[in-house]
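**Student:** Structure in structure tokens, see below.
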Amino acid sequence: MVLQSKLPQVGVTIFTQMSQLAHAHGALNLSQGFPDFDAAEPLKDALQRHVHAGHNQYAAMTGLAALREQVASKISRLYRNPVCPEQEVTITPGATQALFCAIQALVRSGDEVIVFDPCYDSYEPAVSLAGGRCVHIALNEHDFSVDWQQFAKVLNDKTRLVIINSPHNPSGALLSIADLNQLAALIRERDIYLLSDEVYEHLVFDGQLHNSILAHDELYQRACVVSSFGKTYHVTGWKTGYMVAPPKLTAELRKVHQYVSFCAVTPMQYALADFMLAQPEYVDQLPVFYQRKRDQLCQALEGSRFTFTPSASTYFQLLDYRNIRDDLNDVQMAQWLTREHGVASIPLSVFYQQPPRDQYLLRICFAKRADTLALAGEKLCAI
Ligand code: PMP
Ligand code: GLN
């Protein structure tokens, strides 16, 4: 039998590759994005409590009611959108699963999906499996902003879905209200849905605000907004996230979700619901918490030969290495740094259909303890 791959272009993700290489060389792993510090004690205690209380069987397909209510209440407080926890909020096993379900629910064979490069790696395989095709638009090279003229040019009758990601992984760029209004104007007369990946919604720095699609009345009517408890509560391994969409759209999303996983993991949902109820303001200190880490890293790198602009959001910092090794492409550079200097990072080119020619950028994750960041600074300054 000849096995014909449905995803012939897909290999092992860069996150797995770089984390494995970091492990093999005993390098500091600043590649895959995850904290090296632990979650809050009350959150871990709540999980233990619920496991022991016997909350270990299937949860409701749509998610635990108490957690959906907490999500709705956060959305109402932060984005002034009174979403209905029953009909508009669905808890999923991670944001990745939510993105996958939304894409399967919306994209039909032959449809086009607009994505912006550098683009998170899980979108395109999901679009391909749905029988659709990604149309890639490169973000502007200097500031990772969107070229709306180019966007307008690629719109056509086959365009079914636009996927946006703000705060943006890997660049940390943010979409402005003007961007959202442009987008709304350009798709207003068309049957196009919007998938908004907002997993870093609470990690926005320097007093800036996250412009959620949940706060944009017009765009929300055609949108599915995805977020992840993993990023917000330092528990990426809990793989618990959610999707929010207007009732009719949510009904379609749930048709897929119920057959991909049926429900999210039960005790995690209880623990998160308890924690959100007890500490609704927990998310408000995240910008300061992560901005300090960004600043520590950037200060430590001032004496290095890397050049950079401090990241505006997320827990990623881009570093330009052209003053160090412009003879290596970014994949080679990431490998060389891991092997020779003990620091693992993520090359940017893997997130592009067509990487820009003169780009020498690596992404490093600063969701790390102060001592890890200090060590990273030492190692990176020694190059
Ligand atoms: N979208 C983006 C932009 C991400 O960076 C990540 C994760 N790291 C995800 C989605 C997936 O989140 P989760 O781990 O909850 O599946
Ligand atoms: N989203 C994480 C990152 O960008 C990785 C998640 C994964 O390993 N798939 O680093």
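Chain labels A, B, ... are given in the sequence in which chains occur in the structure tokens; within each chain residues are numbered consecutively from 1, and ligands are likewise numbered from 1 in the order shown.
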Let's see if you can do this: from backbone DSSP, list all helix (DSSP H, G or I) residues in stretch 222-361 of chain A, as number ranges by chain.
**Tutor:** A: 229-232, 236-238, 247-260, 266-278, 280-303, 330-341, 349-351
**Student:** Considering only C-alpha atoms and all ligand atoms, tabulate each residue of chain A that lies at most 7 Å from ligand 1 along with its nearest interatomic pair and the corresponding distance in Å to one decimal; arrange the rows by chain and ascending residue number and present them as CSV.
**Tutor:**
```
residue,atom,partner,partner_atom_place_in_ligand_line,distance
A:Gly33,CA,ligand 1,8 (N),6.1
A:Gly94,CA,ligand 1,15 (O),3.6
A:Ala95,CA,ligand 1,15 (O),3.7
A:Thr96,CA,ligand 1,16 (O),3.7
A:Gln97,CA,ligand 1,16 (O),6.4
A:Tyr120,CA,ligand 1,3 (C),5.4
A:Asn165,CA,ligand 1,3 (C),6.3
A:His168,CA,ligand 1,3 (C),6.6
A:Asn169,CA,ligand 1,3 (C),5.1
A:Asp197,CA,ligand 1,1 (N),5.8
A:Val199,CA,ligand 1,1 (N),5.8
A:Ser228,CA,ligand 1,15 (O),4.4
A:Phe229,CA,ligand 1,15 (O),6.6
A:Gly230,CA,ligand 1,15 (O),5.4
A:Thr236,CA,ligand 1,14 (O),5.5
A:Lys239,CA,ligand 1,15 (O),5.2
A:Thr240,CA,ligand 1,15 (O),5.8
A:Gly241,CA,ligand 1,15 (O),5.2
```
**Student:** Would you mind exporting all heavy atoms of the selected residues as a compact mmCIF listing (two decimals), in the first residue's frame?
**Tutor:**
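As written to disk, selection.txt reads:
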```txt
# COMPACT_ATOMS: atom_id res chain seq x y z
N GLY A 33 7.56 28.39 23.42
CA GLY A 33 7.07 29.36 24.39
C GLY A 33 6.36 28.72 25.58
O GLY A 33 5.23 28.25 25.44
N GLY A 94 -7.40 23.35 24.85
CA GLY A 94 -6.35 24.19 24.27
C GLY A 94 -6.87 25.07 23.15
O GLY A 94 -7.89 24.77 22.52
N ALA A 95 -6.14 26.17 22.92
CA ALA A 95 -6.49 27.08 21.82
C ALA A 95 -6.28 26.39 20.48
O ALA A 95 -7.02 26.64 19.52
CB ALA A 95 -5.65 28.35 21.91
N THR A 96 -5.29 25.52 20.39
CA THR A 96 -5.01 24.83 19.13
C THR A 96 -6.23 24.06 18.65
O THR A 96 -6.58 24.09 17.47
CB THR A 96 -3.83 23.84 19.31
OG1 THR A 96 -2.76 24.53 19.95
CG2 THR A 96 -3.35 23.29 18.00
N GLN A 97 -6.90 23.40 19.58
CA GLN A 97 -8.09 22.64 19.21
C GLN A 97 -9.22 23.57 18.80
O GLN A 97 -9.97 23.29 17.86
CB GLN A 97 -8.51 21.74 20.38
CG GLN A 97 -9.46 20.62 19.98
CD GLN A 97 -10.91 20.91 20.37
OE1 GLN A 97 -11.28 22.06 20.56
NE2 GLN A 97 -11.72 19.88 20.46
N TYR A 120 1.45 31.74 12.70
CA TYR A 120 1.53 30.61 13.64
C TYR A 120 1.33 29.29 12.88
O TYR A 120 0.48 29.19 12.00
CB TYR A 120 0.50 30.78 14.75
CG TYR A 120 0.68 29.77 15.85
CD1 TYR A 120 1.86 29.70 16.57
CD2 TYR A 120 -0.32 28.85 16.14
CE1 TYR A 120 2.04 28.76 17.55
CE2 TYR A 120 -0.14 27.91 17.13
CZ TYR A 120 1.05 27.87 17.83
OH TYR A 120 1.23 26.92 18.81
N ASN A 165 -3.98 37.44 14.30
CA ASN A 165 -3.35 37.04 15.56
C ASN A 165 -2.72 38.28 16.19
O ASN A 165 -1.65 38.70 15.80
CB ASN A 165 -2.29 35.95 15.29
CG ASN A 165 -1.40 35.65 16.48
OD1 ASN A 165 -0.21 35.40 16.34
ND2 ASN A 165 -1.96 35.67 17.66
N HIS A 168 0.71 39.51 18.45
CA HIS A 168 1.21 38.62 17.41
C HIS A 168 2.43 37.80 17.83
O HIS A 168 3.43 38.35 18.28
CB HIS A 168 1.57 39.48 16.18
CG HIS A 168 2.06 38.70 15.02
ND1 HIS A 168 3.32 38.87 14.48
CD2 HIS A 168 1.48 37.72 14.28
CE1 HIS A 168 3.47 38.05 13.46
NE2 HIS A 168 2.37 37.33 13.32
N ASN A 169 2.28 36.50 17.68
CA ASN A 169 3.40 35.57 17.81
C ASN A 169 3.92 35.35 16.39
O ASN A 169 3.13 34.92 15.55
CB ASN A 169 2.90 34.25 18.41
CG ASN A 169 3.98 33.19 18.50
OD1 ASN A 169 5.13 33.44 18.25
ND2 ASN A 169 3.57 31.98 18.87
N ASP A 197 -7.07 34.95 16.78
CA ASP A 197 -6.26 34.22 17.76
C ASP A 197 -5.71 35.24 18.75
O ASP A 197 -4.80 36.01 18.42
CB ASP A 197 -5.15 33.48 17.00
CG ASP A 197 -4.23 32.70 17.91
OD1 ASP A 197 -4.25 32.92 19.14
OD2 ASP A 197 -3.47 31.85 17.39
N VAL A 199 -4.53 34.56 22.01
CA VAL A 199 -4.05 33.82 23.18
C VAL A 199 -3.14 34.66 24.09
O VAL A 199 -3.01 34.37 25.27
CB VAL A 199 -3.33 32.49 22.81
CG1 VAL A 199 -4.26 31.54 22.09
CG2 VAL A 199 -2.07 32.71 22.02
N SER A 228 -6.42 31.20 25.41
CA SER A 228 -5.84 30.02 26.07
C SER A 228 -5.58 30.31 27.54
O SER A 228 -4.92 31.31 27.87
CB SER A 228 -4.53 29.66 25.37
OG SER A 228 -3.84 28.68 26.11
N PHE A 229 -6.06 29.47 28.43
CA PHE A 229 -5.74 29.62 29.85
C PHE A 229 -4.26 29.32 30.08
O PHE A 229 -3.68 29.75 31.07
CB PHE A 229 -6.58 28.66 30.70
CG PHE A 229 -8.07 28.91 30.60
CD1 PHE A 229 -8.87 28.09 29.82
CD2 PHE A 229 -8.66 29.96 31.28
CE1 PHE A 229 -10.24 28.31 29.72
CE2 PHE A 229 -10.02 30.20 31.19
CZ PHE A 229 -10.82 29.37 30.41
N GLY A 230 -3.67 28.56 29.17
CA GLY A 230 -2.26 28.18 29.30
C GLY A 230 -1.35 29.39 29.43
O GLY A 230 -0.45 29.43 30.27
N THR A 236 0.73 26.04 30.43
CA THR A 236 0.59 25.63 29.03
C THR A 236 0.30 24.12 28.92
O THR A 236 -0.38 23.69 27.99
CB THR A 236 1.85 25.97 28.20
OG1 THR A 236 2.98 25.28 28.78
CG2 THR A 236 2.13 27.46 28.19
N LYS A 239 -3.36 22.53 28.69
CA LYS A 239 -4.06 22.49 27.40
C LYS A 239 -5.55 22.76 27.55
O LYS A 239 -6.40 21.92 27.23
CB LYS A 239 -3.83 21.13 26.72
CG LYS A 239 -2.42 20.91 26.22
CD LYS A 239 -1.90 21.95 25.24
CE LYS A 239 -2.66 21.99 23.92
NZ LYS A 239 -1.98 22.90 22.95
N THR A 240 -5.87 23.92 28.09
CA THR A 240 -7.26 24.31 28.21
C THR A 240 -7.42 25.73 27.64
O THR A 240 -6.65 26.62 27.99
CB THR A 240 -7.72 24.26 29.69
OG1 THR A 240 -7.39 22.96 30.21
CG2 THR A 240 -9.21 24.47 29.83
N GLY A 241 -8.38 25.88 26.75
CA GLY A 241 -8.61 27.17 26.10
C GLY A 241 -10.09 27.37 25.87
O GLY A 241 -10.93 26.64 26.42
```
**Student:** Name the closest residue to A:Gln150 among the candidates A:Ile114, A:Gln354, A:Leu175, A:Leu67; distances are taken between atoms, counting only C-alpha atoms.
**Tutor:**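 Among A:Ile114, A:Gln354, A:Leu175, A:Leu67, it is A:Ile114 that comes nearest to A:Gln150.
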**Student:** How close does chain A get to ligand 2? List, as CSV, each residue of chain A within 12 Å, its nearest atom pair and the distance in Å to one decimal, counting only C-alpha atoms and all ligand atoms.
**Tutor:**
```
residue,atom,partner,partner_atom_place_in_ligand_line,distance
A:Val12,CA,ligand 2,9 (N),10.1
A:Thr13,CA,ligand 2,9 (N),7.1
A:Ile14,CA,ligand 2,8 (O),7.9
A:Phe15,CA,ligand 2,8 (O),4.8
A:Thr16,CA,ligand 2,8 (O),6.3
A:Gln17,CA,ligand 2,8 (O),9.6
A:Met18,CA,ligand 2,8 (O),9.8
A:Ser19,CA,ligand 2,8 (O),8.8
A:Gln20,CA,ligand 2,8 (O),11.3
A:Asn29,CA,ligand 2,10 (O),10.8
A:Leu30,CA,ligand 2,10 (O),9.0
A:Ser31,CA,ligand 2,10 (O),6.5
A:Gln32,CA,ligand 2,10 (O),3.7
A:Gly33,CA,ligand 2,10 (O),3.4
A:Phe34,CA,ligand 2,10 (O),6.9
A:Pro35,CA,ligand 2,10 (O),10.4
A:Gly94,CA,ligand 2,6 (C),10.3
A:Ala95,CA,ligand 2,1 (N),9.5
A:Thr96,CA,ligand 2,9 (N),8.1
A:Gln97,CA,ligand 2,9 (N),11.2
A:Pro118,CA,ligand 2,4 (O),11.5
A:Cys119,CA,ligand 2,4 (O),10.2
A:Tyr120,CA,ligand 2,4 (O),7.2
A:Asp121,CA,ligand 2,9 (N),7.9
A:Ser122,CA,ligand 2,9 (N),7.7
A:Tyr123,CA,ligand 2,9 (N),11.3
A:Asn165,CA,ligand 2,1 (N),11.9
A:His168,CA,ligand 2,4 (O),10.0
A:Asn169,CA,ligand 2,4 (O),6.4
A:Pro170,CA,ligand 2,4 (O),7.0
A:Ser171,CA,ligand 2,4 (O),10.7
A:Gly172,CA,ligand 2,4 (O),11.4
A:Asp197,CA,ligand 2,1 (N),11.2
A:Glu198,CA,ligand 2,1 (N),11.8
A:Val199,CA,ligand 2,1 (N),9.1
A:Tyr200,CA,ligand 2,1 (N),10.0
A:Ser227,CA,ligand 2,1 (N),11.8
A:Ser228,CA,ligand 2,1 (N),10.3
A:Gly230,CA,ligand 2,1 (N),9.9
A:Lys231,CA,ligand 2,1 (N),9.1
A:Thr236,CA,ligand 2,6 (C),8.4
A:Gly237,CA,ligand 2,6 (C),9.9
A:Lys239,CA,ligand 2,6 (C),10.2
A:Thr314,CA,ligand 2,4 (O),9.8
A:Tyr315,CA,ligand 2,10 (O),9.3
A:Phe316,CA,ligand 2,4 (O),8.5
A:Gln317,CA,ligand 2,10 (O),11.6
A:Ala344,CA,ligand 2,10 (O),11.7
A:Ser345,CA,ligand 2,10 (O),9.6
A:Ile346,CA,ligand 2,10 (O),8.1
A:Pro347,CA,ligand 2,10 (O),11.1
A:Leu348,CA,ligand 2,4 (O),10.9
A:Val350,CA,ligand 2,4 (O),11.7
A:Phe351,CA,ligand 2,4 (O),10.3
A:Arg363,CA,ligand 2,10 (O),9.1
A:Ile364,CA,ligand 2,10 (O),9.0
A:Cys365,CA,ligand 2,10 (O),7.6
A:Phe366,CA,ligand 2,10 (O),10.9
A:Ala367,CA,ligand 2,10 (O),10.6
```
**Student:** Between A:Leu380, A:Ala102, A:Leu161, A:Leu3, single out the one closest to A:Gly303, counting only C-alpha atoms.
**Tutor:**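 Nearest candidate to A:Gly303 out of A:Leu380, A:Ala102, A:Leu161, A:Leu3: A:Leu380.
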**Student:** If you run DSSP on this backbone, which residues of stretch 269-318 of chain A come out as strand (DSSP E or B), and could you give them as a ChimeraX atom specification?
**Tutor:** /A:307,313,316-318
**Student:** Store the residues of this selection in a file with all heavy atoms, as a short mmCIF file (atom, residue, chain, number, x, y, z; two decimals), in the first residue's frame.
**Tutor:**
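Output saved as result-v1.cif:
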```cif
data_model
loop_
_atom_site.label_atom_id
_atom_site.label_comp_id
_atom_site.auth_asym_id
_atom_site.auth_seq_id
_atom_site.Cartn_x
_atom_site.Cartn_y
_atom_site.Cartn_z
N THR A 307 20.82 43.19 17.80
CA THR A 307 20.04 44.43 17.81
C THR A 307 18.57 44.07 17.92
O THR A 307 18.15 42.98 17.48
CB THR A 307 20.29 45.28 16.54
OG1 THR A 307 20.04 44.47 15.40
CG2 THR A 307 21.70 45.81 16.52
N SER A 313 4.43 43.19 23.03
CA SER A 313 3.43 42.27 23.62
C SER A 313 3.93 40.83 23.52
O SER A 313 5.00 40.59 22.98
CB SER A 313 2.09 42.42 22.88
OG SER A 313 2.22 41.93 21.56
N PHE A 316 7.50 37.01 23.79
CA PHE A 316 8.59 36.77 22.84
C PHE A 316 9.32 38.06 22.49
O PHE A 316 8.71 39.12 22.39
CB PHE A 316 8.05 36.15 21.55
CG PHE A 316 7.33 34.85 21.78
CD1 PHE A 316 5.98 34.73 21.48
CD2 PHE A 316 8.00 33.76 22.30
CE1 PHE A 316 5.31 33.52 21.71
CE2 PHE A 316 7.35 32.56 22.54
CZ PHE A 316 5.99 32.43 22.24
N GLN A 317 10.64 37.92 22.29
CA GLN A 317 11.47 39.05 21.87
C GLN A 317 12.21 38.62 20.59
O GLN A 317 12.81 37.54 20.56
CB GLN A 317 12.48 39.39 22.97
CG GLN A 317 13.47 40.47 22.61
CD GLN A 317 12.80 41.83 22.37
OE1 GLN A 317 12.02 42.30 23.18
NE2 GLN A 317 13.10 42.44 21.22
N LEU A 318 12.16 39.47 19.56
CA LEU A 318 12.93 39.19 18.35
C LEU A 318 14.33 39.79 18.50
O LEU A 318 14.49 40.89 19.04
CB LEU A 318 12.26 39.81 17.12
CG LEU A 318 10.89 39.24 16.75
CD1 LEU A 318 10.40 39.90 15.45
CD2 LEU A 318 10.94 37.73 16.57
#
```
